[in-house]
>>> print(open('entry.pdb').read())   # PDB, N, CA and C atoms, pLDDT in the B column
ATOM      1  N   MET P   1      18.509  13.612   7.873  1.00 81.00           N
ATOM      2  CA  MET P   1      17.846  12.580   7.130  1.00 81.00           C
ATOM      3  C   MET P   1      16.672  13.199   6.372  1.00 81.00           C
ATOM      4  N   GLU P   2      16.628  12.915   5.084  1.00 94.00           N
ATOM      5  CA  GLU P   2      15.553  13.461   4.267  1.00 94.00           C
ATOM      6  C   GLU P   2      14.490  12.406   4.000  1.00 94.00           C
ATOM      7  N   PHE P   3      13.267  12.884   3.838  1.00 96.00           N
ATOM      8  CA  PHE P   3      12.142  12.001   3.590  1.00 96.00           C
ATOM      9  C   PHE P   3      11.545  12.279   2.225  1.00 96.00           C
ATOM     10  N   TYR P   4      11.019  11.243   1.623  1.00 97.00           N
ATOM     11  CA  TYR P   4      10.223  11.362   0.406  1.00 97.00           C
ATOM     12  C   TYR P   4       8.806  10.969   0.800  1.00 97.00           C
ATOM     13  N   THR P   5       7.858  11.847   0.541  1.00 97.00           N
ATOM     14  CA  THR P   5       6.478  11.592   0.922  1.00 97.00           C
ATOM     15  C   THR P   5       5.730  10.977  -0.249  1.00 97.00           C
ATOM     16  N   LEU P   6       5.219   9.761  -0.031  1.00 96.00           N
ATOM     17  CA  LEU P   6       4.397   9.119  -1.050  1.00 96.00           C
ATOM     18  C   LEU P   6       3.002   9.698  -0.975  1.00 96.00           C
ATOM     19  N   LYS P   7       2.522  10.136  -2.126  1.00 95.00           N
ATOM     20  CA  LYS P   7       1.191  10.731  -2.217  1.00 95.00           C
ATOM     21  C   LYS P   7       0.308   9.851  -3.078  1.00 95.00           C
ATOM     22  N   THR P   8      -0.890  10.276  -3.346  1.00 93.00           N
ATOM     23  CA  THR P   8      -1.829   9.458  -4.115  1.00 93.00           C
ATOM     24  C   THR P   8      -1.523   9.463  -5.611  1.00 93.00           C
ATOM     25  N   GLU P   9      -0.636  10.321  -6.054  1.00 93.00           N
ATOM     26  CA  GLU P   9      -0.265  10.343  -7.460  1.00 93.00           C
ATOM     27  C   GLU P   9       0.576   9.106  -7.792  1.00 93.00           C
ATOM     28  N   THR P  10       0.601   8.749  -9.057  1.00 93.00           N
ATOM     29  CA  THR P  10       1.364   7.589  -9.512  1.00 93.00           C
ATOM     30  C   THR P  10       2.849   7.799  -9.256  1.00 93.00           C
ATOM     31  N   LEU P  11       3.488   6.773  -8.737  1.00 94.00           N
ATOM     32  CA  LEU P  11       4.930   6.798  -8.506  1.00 94.00           C
ATOM     33  C   LEU P  11       5.611   6.310  -9.777  1.00 94.00           C
ATOM     34  N   LEU P  12       6.441   7.133 -10.359  1.00 96.00           N
ATOM     35  CA  LEU P  12       7.131   6.798 -11.605  1.00 96.00           C
ATOM     36  C   LEU P  12       8.484   6.163 -11.319  1.00 96.00           C
ATOM     37  N   ILE P  13       9.015   5.460 -12.296  1.00 97.00           N
ATOM     38  CA  ILE P  13      10.314   4.825 -12.128  1.00 97.00           C
ATOM     39  C   ILE P  13      11.397   5.872 -11.851  1.00 97.00           C
ATOM     40  N   ASP P  14      11.274   7.051 -12.423  1.00 97.00           N
ATOM     41  CA  ASP P  14      12.233   8.130 -12.135  1.00 97.00           C
ATOM     42  C   ASP P  14      12.148   8.563 -10.670  1.00 97.00           C
ATOM     43  N   ASP P  15      10.948   8.532 -10.108  1.00 96.00           N
ATOM     44  CA  ASP P  15      10.782   8.853  -8.688  1.00 96.00           C
ATOM     45  C   ASP P  15      11.500   7.815  -7.829  1.00 96.00           C
ATOM     46  N   VAL P  16      11.337   6.556  -8.174  1.00 97.00           N
ATOM     47  CA  VAL P  16      11.995   5.479  -7.425  1.00 97.00           C
ATOM     48  C   VAL P  16      13.506   5.640  -7.514  1.00 97.00           C
ATOM     49  N   SER P  17      13.995   5.933  -8.704  1.00 97.00           N
ATOM     50  CA  SER P  17      15.429   6.147  -8.899  1.00 97.00           C
ATOM     51  C   SER P  17      15.927   7.304  -8.032  1.00 97.00           C
ATOM     52  N   HIS P  18      15.175   8.384  -7.997  1.00 96.00           N
ATOM     53  CA  HIS P  18      15.523   9.555  -7.193  1.00 96.00           C
ATOM     54  C   HIS P  18      15.566   9.205  -5.696  1.00 96.00           C
ATOM     55  N   ILE P  19      14.587   8.453  -5.256  1.00 96.00           N
ATOM     56  CA  ILE P  19      14.528   8.031  -3.851  1.00 96.00           C
ATOM     57  C   ILE P  19      15.748   7.191  -3.503  1.00 96.00           C
ATOM     58  N   LEU P  20      16.059   6.234  -4.369  1.00 96.00           N
ATOM     59  CA  LEU P  20      17.182   5.330  -4.095  1.00 96.00           C
ATOM     60  C   LEU P  20      18.529   6.044  -4.160  1.00 96.00           C
ATOM     61  N   LYS P  21      18.703   6.898  -5.161  1.00 97.00           N
ATOM     62  CA  LYS P  21      19.982   7.607  -5.312  1.00 97.00           C
ATOM     63  C   LYS P  21      20.258   8.535  -4.130  1.00 97.00           C
ATOM     64  N   ASN P  22      19.195   9.071  -3.550  1.00 96.00           N
ATOM     65  CA  ASN P  22      19.350  10.010  -2.443  1.00 96.00           C
ATOM     66  C   ASN P  22      19.147   9.364  -1.073  1.00 96.00           C
ATOM     67  N   ASN P  23      18.909   8.061  -1.086  1.00 96.00           N
ATOM     68  CA  ASN P  23      18.749   7.303   0.152  1.00 96.00           C
ATOM     69  C   ASN P  23      17.690   7.919   1.078  1.00 96.00           C
ATOM     70  N   PHE P  24      16.589   8.360   0.471  1.00 97.00           N
ATOM     71  CA  PHE P  24      15.508   8.957   1.248  1.00 97.00           C
ATOM     72  C   PHE P  24      14.797   7.906   2.088  1.00 97.00           C
ATOM     73  N   LYS P  25      14.324   8.305   3.228  1.00 97.00           N
ATOM     74  CA  LYS P  25      13.379   7.519   4.003  1.00 97.00           C
ATOM     75  C   LYS P  25      12.003   7.829   3.419  1.00 97.00           C
ATOM     76  N   ILE P  26      11.092   6.882   3.568  1.00 96.00           N
ATOM     77  CA  ILE P  26       9.754   7.042   2.991  1.00 96.00           C
ATOM     78  C   ILE P  26       8.751   7.343   4.099  1.00 96.00           C
ATOM     79  N   LYS P  27       7.860   8.269   3.807  1.00 97.00           N
ATOM     80  CA  LYS P  27       6.712   8.477   4.682  1.00 97.00           C
ATOM     81  C   LYS P  27       5.474   8.583   3.807  1.00 97.00           C
ATOM     82  N   LEU P  28       4.334   8.309   4.396  1.00 97.00           N
ATOM     83  CA  LEU P  28       3.075   8.313   3.666  1.00 97.00           C
ATOM     84  C   LEU P  28       2.285   9.569   3.977  1.00 97.00           C
ATOM     85  N   ASP P  29       1.760  10.181   2.930  1.00 97.00           N
ATOM     86  CA  ASP P  29       0.877  11.328   3.061  1.00 97.00           C
ATOM     87  C   ASP P  29      -0.437  10.837   3.710  1.00 97.00           C
ATOM     88  N   GLN P  30      -1.097  11.662   4.478  1.00 97.00           N
ATOM     89  CA  GLN P  30      -2.304  11.242   5.192  1.00 97.00           C
ATOM     90  C   GLN P  30      -3.383  10.674   4.276  1.00 97.00           C
ATOM     91  N   PRO P  31      -3.643  11.259   3.094  1.00 96.00           N
ATOM     92  CA  PRO P  31      -4.646  10.641   2.207  1.00 96.00           C
ATOM     93  C   PRO P  31      -4.274   9.202   1.791  1.00 96.00           C
ATOM     94  N   VAL P  32      -2.994   8.909   1.695  1.00 96.00           N
ATOM     95  CA  VAL P  32      -2.553   7.548   1.387  1.00 96.00           C
ATOM     96  C   VAL P  32      -2.865   6.628   2.564  1.00 96.00           C
ATOM     97  N   VAL P  33      -2.555   7.070   3.753  1.00 97.00           N
ATOM     98  CA  VAL P  33      -2.858   6.289   4.956  1.00 97.00           C
ATOM     99  C   VAL P  33      -4.365   6.036   5.041  1.00 97.00           C
ATOM    100  N   ASP P  34      -5.154   7.059   4.756  1.00 97.00           N
ATOM    101  CA  ASP P  34      -6.615   6.924   4.808  1.00 97.00           C
ATOM    102  C   ASP P  34      -7.106   5.863   3.821  1.00 97.00           C
ATOM    103  N   LYS P  35      -6.523   5.835   2.614  1.00 96.00           N
ATOM    104  CA  LYS P  35      -6.911   4.837   1.614  1.00 96.00           C
ATOM    105  C   LYS P  35      -6.523   3.431   2.061  1.00 96.00           C
ATOM    106  N   ILE P  36      -5.362   3.294   2.650  1.00 96.00           N
ATOM    107  CA  ILE P  36      -4.911   1.993   3.141  1.00 96.00           C
ATOM    108  C   ILE P  36      -5.854   1.492   4.231  1.00 96.00           C
ATOM    109  N   VAL P  37      -6.203   2.371   5.154  1.00 97.00           N
ATOM    110  CA  VAL P  37      -7.111   1.997   6.245  1.00 97.00           C
ATOM    111  C   VAL P  37      -8.477   1.606   5.679  1.00 97.00           C
ATOM    112  N   LYS P  38      -8.981   2.367   4.727  1.00 97.00           N
ATOM    113  CA  LYS P  38     -10.281   2.070   4.119  1.00 97.00           C
ATOM    114  C   LYS P  38     -10.260   0.707   3.431  1.00 97.00           C
ATOM    115  N   CYS P  39      -9.187   0.414   2.701  1.00 93.00           N
ATOM    116  CA  CYS P  39      -9.068  -0.880   2.029  1.00 93.00           C
ATOM    117  C   CYS P  39      -8.972  -2.016   3.043  1.00 93.00           C
ATOM    118  N   ARG P  40      -8.233  -1.807   4.117  1.00 93.00           N
ATOM    119  CA  ARG P  40      -8.108  -2.830   5.149  1.00 93.00           C
ATOM    120  C   ARG P  40      -9.453  -3.100   5.822  1.00 93.00           C
ATOM    121  N   GLU P  41     -10.201  -2.054   6.090  1.00 95.00           N
ATOM    122  CA  GLU P  41     -11.521  -2.223   6.703  1.00 95.00           C
ATOM    123  C   GLU P  41     -12.453  -3.000   5.769  1.00 95.00           C
ATOM    124  N   TYR P  42     -12.379  -2.695   4.479  1.00 91.00           N
ATOM    125  CA  TYR P  42     -13.181  -3.406   3.480  1.00 91.00           C
ATOM    126  C   TYR P  42     -12.812  -4.891   3.470  1.00 91.00           C
ATOM    127  N   LEU P  43     -11.517  -5.168   3.455  1.00 88.00           N
ATOM    128  CA  LEU P  43     -11.054  -6.543   3.443  1.00 88.00           C
ATOM    129  C   LEU P  43     -11.459  -7.276   4.724  1.00 88.00           C
ATOM    130  N   ASP P  44     -11.301  -6.637   5.860  1.00 89.00           N
ATOM    131  CA  ASP P  44     -11.707  -7.249   7.126  1.00 89.00           C
ATOM    132  C   ASP P  44     -13.194  -7.588   7.117  1.00 89.00           C
ATOM    133  N   GLN P  45     -14.002  -6.702   6.556  1.00 89.00           N
ATOM    134  CA  GLN P  45     -15.449  -6.932   6.483  1.00 89.00           C
ATOM    135  C   GLN P  45     -15.730  -8.131   5.579  1.00 89.00           C
ATOM    136  N   LYS P  46     -15.060  -8.220   4.444  1.00 84.00           N
ATOM    137  CA  LYS P  46     -15.255  -9.343   3.530  1.00 84.00           C
ATOM    138  C   LYS P  46     -14.843 -10.662   4.167  1.00 84.00           C
ATOM    139  N   LEU P  47     -13.779 -10.639   4.954  1.00 85.00           N
ATOM    140  CA  LEU P  47     -13.256 -11.854   5.561  1.00 85.00           C
ATOM    141  C   LEU P  47     -13.943 -12.220   6.871  1.00 85.00           C
ATOM    142  N   SER P  48     -14.916 -11.425   7.280  1.00 88.00           N
ATOM    143  CA  SER P  48     -15.580 -11.680   8.559  1.00 88.00           C
ATOM    144  C   SER P  48     -16.397 -12.972   8.540  1.00 88.00           C
ATOM    145  N   SER P  49     -16.795 -13.424   7.366  1.00 84.00           N
ATOM    146  CA  SER P  49     -17.528 -14.683   7.253  1.00 84.00           C
ATOM    147  C   SER P  49     -16.564 -15.780   6.800  1.00 84.00           C
ATOM    148  N   PRO P  50     -16.451 -16.854   7.583  1.00 81.00           N
ATOM    149  CA  PRO P  50     -15.537 -17.937   7.200  1.00 81.00           C
ATOM    150  C   PRO P  50     -15.999 -18.692   5.957  1.00 81.00           C
ATOM    151  N   ASP P  51     -17.225 -18.471   5.515  1.00 86.00           N
ATOM    152  CA  ASP P  51     -17.742 -19.146   4.324  1.00 86.00           C
ATOM    153  C   ASP P  51     -17.292 -18.482   3.025  1.00 86.00           C
ATOM    154  N   ASN P  52     -16.850 -17.240   3.105  1.00 83.00           N
ATOM    155  CA  ASN P  52     -16.405 -16.535   1.905  1.00 83.00           C
ATOM    156  C   ASN P  52     -14.994 -16.969   1.535  1.00 83.00           C
ATOM    157  N   ILE P  53     -14.784 -17.253   0.258  1.00 83.00           N
ATOM    158  CA  ILE P  53     -13.464 -17.670  -0.227  1.00 83.00           C
ATOM    159  C   ILE P  53     -12.956 -16.608  -1.196  1.00 83.00           C
ATOM    160  N   TYR P  54     -11.756 -16.127  -0.934  1.00 81.00           N
ATOM    161  CA  TYR P  54     -11.126 -15.116  -1.786  1.00 81.00           C
ATOM    162  C   TYR P  54      -9.747 -15.623  -2.165  1.00 81.00           C
ATOM    163  N   TYR P  55      -9.624 -15.996  -3.419  1.00 81.00           N
ATOM    164  CA  TYR P  55      -8.373 -16.567  -3.906  1.00 81.00           C
ATOM    165  C   TYR P  55      -7.191 -15.650  -3.580  1.00 81.00           C
ATOM    166  N   GLY P  56      -6.172 -16.225  -2.993  1.00 78.00           N
ATOM    167  CA  GLY P  56      -4.956 -15.482  -2.683  1.00 78.00           C
ATOM    168  C   GLY P  56      -5.013 -14.703  -1.382  1.00 78.00           C
ATOM    169  N   ILE P  57      -6.180 -14.598  -0.789  1.00 79.00           N
ATOM    170  CA  ILE P  57      -6.294 -13.883   0.484  1.00 79.00           C
ATOM    171  C   ILE P  57      -6.473 -14.887   1.605  1.00 79.00           C
ATOM    172  N   ASN P  58      -7.489 -15.719   1.504  1.00 75.00           N
ATOM    173  CA  ASN P  58      -7.659 -16.731   2.536  1.00 75.00           C
ATOM    174  C   ASN P  58      -7.542 -18.145   1.968  1.00 75.00           C
ATOM    175  N   THR P  59      -6.986 -18.271   0.759  1.00 78.00           N
ATOM    176  CA  THR P  59      -6.788 -19.585   0.151  1.00 78.00           C
ATOM    177  C   THR P  59      -5.319 -19.898  -0.122  1.00 78.00           C
ATOM    178  N   GLY P  60      -4.449 -18.909  -0.095  1.00 75.00           N
ATOM    179  CA  GLY P  60      -3.087 -19.127  -0.566  1.00 75.00           C
ATOM    180  C   GLY P  60      -3.039 -18.962  -2.074  1.00 75.00           C
ATOM    181  N   PHE P  61      -1.864 -19.111  -2.660  1.00 75.00           N
ATOM    182  CA  PHE P  61      -1.698 -18.972  -4.097  1.00 75.00           C
ATOM    183  C   PHE P  61      -1.204 -20.296  -4.676  1.00 75.00           C
ATOM    184  N   GLY P  62      -1.932 -20.841  -5.598  1.00 70.00           N
ATOM    185  CA  GLY P  62      -1.496 -22.040  -6.299  1.00 70.00           C
ATOM    186  C   GLY P  62      -1.052 -23.131  -5.346  1.00 70.00           C
ATOM    187  N   SER P  63       0.173 -23.639  -5.538  1.00 67.00           N
ATOM    188  CA  SER P  63       0.679 -24.753  -4.738  1.00 67.00           C
ATOM    189  C   SER P  63       1.117 -24.317  -3.345  1.00 67.00           C
ATOM    190  N   LEU P  64       1.047 -23.050  -3.041  1.00 56.00           N
ATOM    191  CA  LEU P  64       1.450 -22.585  -1.724  1.00 56.00           C
ATOM    192  C   LEU P  64       0.411 -22.971  -0.703  1.00 56.00           C
TER     193      LEU P  64
END
>>> encode(input="entry.pdb", output="structure tokens")
Amino acid sequence: MEFYTLKTETLLIDDVSHILKNNFKIKLDQPVVDKIVKCREYLDQKLSSPDNIYYGINTGFGSL
């Protein structure tokens, strides 16, 4: 089984095509994981106060 490692560089449509044609499994490069964790921590901090309203995060979207 081969893996395609997602890195911080932009993923191009040709990359997606290559991944799909070769049926690669996806793994994340550590800097990508670090960015995801940092963003999640930021979001958790913002949502720590129930008085803060963030459209689409703690409000839903439109009629949803």
>>> axis_aligned_box(input="entry.pdb", around="range 22-39 of chain P", padding_each_side="6 Å", output="AutoDock Vina command-line options")
--center_x 4.5 --center_y 4.8 --center_z 1.3 --size_x 41.6 --size_y 25.7 --size_z 21.8
>>> select_by_dssp(input="entry.pdb", residues="range 1-53 of chain P", states="strand (DSSP E or B)", output="PyMOL selection string")
chain P and resi 3-6+25-28
>>> closest_residue(input="entry.pdb", among="P:Tyr42, P:Tyr4, P:Phe61, P:Tyr54", to="Val16 in chain P", atoms="only C-alpha atoms")
P:Tyr4
>>> atom_distance(input="entry.pdb", atom1="atom N of Asn58 in chain P", atom2="CA of Leu43 in chain P")
10.0 Å
>>> atom_distance(input="entry.pdb", atom1="CA of Ile53 in chain P", atom2="CA of Arg40 in chain P")
16.7 Å
>>> closest_residue(input="entry.pdb", among="P:Thr8, P:Ser17, P:Gln45, P:Thr59", to="Gln30 in chain P", atoms="only N, CA and C atoms")
P:Thr8
>>> select_by_dssp(input="entry.pdb", residues="chain P", states="alpha helix (DSSP H)", output="VMD selection string")
chain P and resid 13 to 21 30 to 46
>>> closest_residue(input="entry.pdb", among="P:Val32, P:Lys25, P:Ile19, P:Asp51", to="Lys7 in chain P", atoms="only C-alpha atoms")
P:Val32
>>> atom_distance(input="entry.pdb", atom1="CA of Phe3 in chain P", atom2="CA of Val37 in chain P")
21.9 Å
>>> build_atoms(input="entry.pdb", residues="range 27-44 of chain P", atoms="N, CA, C and O atoms", output="mmCIF file, in the frame of the given file")
data_model
loop_
_atom_site.group_PDB
_atom_site.id
_atom_site.type_symbol
_atom_site.label_atom_id
_atom_site.label_comp_id
_atom_site.auth_asym_id
_atom_site.auth_seq_id
_atom_site.Cartn_x
_atom_site.Cartn_y
_atom_site.Cartn_z
ATOM 1 N N LYS P 27 7.860 8.269 3.807
ATOM 2 C CA LYS P 27 6.712 8.477 4.682
ATOM 3 C C LYS P 27 5.474 8.583 3.807
ATOM 4 O O LYS P 27 5.556 8.890 2.621
ATOM 5 N N LEU P 28 4.334 8.309 4.396
ATOM 6 C CA LEU P 28 3.075 8.313 3.666
ATOM 7 C C LEU P 28 2.285 9.569 3.977
ATOM 8 O O LEU P 28 2.133 9.948 5.138
ATOM 9 N N ASP P 29 1.760 10.181 2.930
ATOM 10 C CA ASP P 29 0.877 11.328 3.061
ATOM 11 C C ASP P 29 -0.437 10.837 3.710
ATOM 12 O O ASP P 29 -0.839 9.688 3.529
ATOM 13 N N GLN P 30 -1.097 11.662 4.478
ATOM 14 C CA GLN P 30 -2.304 11.242 5.192
ATOM 15 C C GLN P 30 -3.383 10.674 4.276
ATOM 16 O O GLN P 30 -4.011 9.660 4.624
ATOM 17 N N PRO P 31 -3.643 11.259 3.094
ATOM 18 C CA PRO P 31 -4.646 10.641 2.207
ATOM 19 C C PRO P 31 -4.274 9.202 1.791
ATOM 20 O O PRO P 31 -5.153 8.369 1.598
ATOM 21 N N VAL P 32 -2.994 8.909 1.695
ATOM 22 C CA VAL P 32 -2.553 7.548 1.387
ATOM 23 C C VAL P 32 -2.865 6.628 2.564
ATOM 24 O O VAL P 32 -3.390 5.523 2.383
ATOM 25 N N VAL P 33 -2.555 7.070 3.753
ATOM 26 C CA VAL P 33 -2.858 6.289 4.956
ATOM 27 C C VAL P 33 -4.365 6.036 5.041
ATOM 28 O O VAL P 33 -4.805 4.917 5.322
ATOM 29 N N ASP P 34 -5.154 7.059 4.756
ATOM 30 C CA ASP P 34 -6.615 6.924 4.808
ATOM 31 C C ASP P 34 -7.106 5.863 3.821
ATOM 32 O O ASP P 34 -7.984 5.060 4.148
ATOM 33 N N LYS P 35 -6.523 5.835 2.614
ATOM 34 C CA LYS P 35 -6.911 4.837 1.614
ATOM 35 C C LYS P 35 -6.523 3.431 2.061
ATOM 36 O O LYS P 35 -7.289 2.480 1.859
ATOM 37 N N ILE P 36 -5.362 3.294 2.650
ATOM 38 C CA ILE P 36 -4.911 1.993 3.141
ATOM 39 C C ILE P 36 -5.854 1.492 4.231
ATOM 40 O O ILE P 36 -6.271 0.329 4.225
ATOM 41 N N VAL P 37 -6.203 2.371 5.154
ATOM 42 C CA VAL P 37 -7.111 1.997 6.245
ATOM 43 C C VAL P 37 -8.477 1.606 5.679
ATOM 44 O O VAL P 37 -9.066 0.598 6.096
ATOM 45 N N LYS P 38 -8.981 2.367 4.727
ATOM 46 C CA LYS P 38 -10.281 2.070 4.119
ATOM 47 C C LYS P 38 -10.260 0.707 3.431
ATOM 48 O O LYS P 38 -11.190 -0.089 3.581
ATOM 49 N N CYS P 39 -9.187 0.414 2.701
ATOM 50 C CA CYS P 39 -9.068 -0.880 2.029
ATOM 51 C C CYS P 39 -8.972 -2.016 3.043
ATOM 52 O O CYS P 39 -9.566 -3.076 2.849
ATOM 53 N N ARG P 40 -8.233 -1.807 4.117
ATOM 54 C CA ARG P 40 -8.108 -2.830 5.149
ATOM 55 C C ARG P 40 -9.453 -3.100 5.822
ATOM 56 O O ARG P 40 -9.819 -4.256 6.076
ATOM 57 N N GLU P 41 -10.201 -2.054 6.090
ATOM 58 C CA GLU P 41 -11.521 -2.223 6.703
ATOM 59 C C GLU P 41 -12.453 -3.000 5.769
ATOM 60 O O GLU P 41 -13.211 -3.865 6.209
ATOM 61 N N TYR P 42 -12.379 -2.695 4.479
ATOM 62 C CA TYR P 42 -13.181 -3.406 3.480
ATOM 63 C C TYR P 42 -12.812 -4.891 3.470
ATOM 64 O O TYR P 42 -13.689 -5.768 3.490
ATOM 65 N N LEU P 43 -11.517 -5.168 3.455
ATOM 66 C CA LEU P 43 -11.054 -6.543 3.443
ATOM 67 C C LEU P 43 -11.459 -7.276 4.724
ATOM 68 O O LEU P 43 -11.936 -8.417 4.668
ATOM 69 N N ASP P 44 -11.301 -6.637 5.860
ATOM 70 C CA ASP P 44 -11.707 -7.249 7.126
ATOM 71 C C ASP P 44 -13.194 -7.588 7.117
ATOM 72 O O ASP P 44 -13.609 -8.641 7.594
#
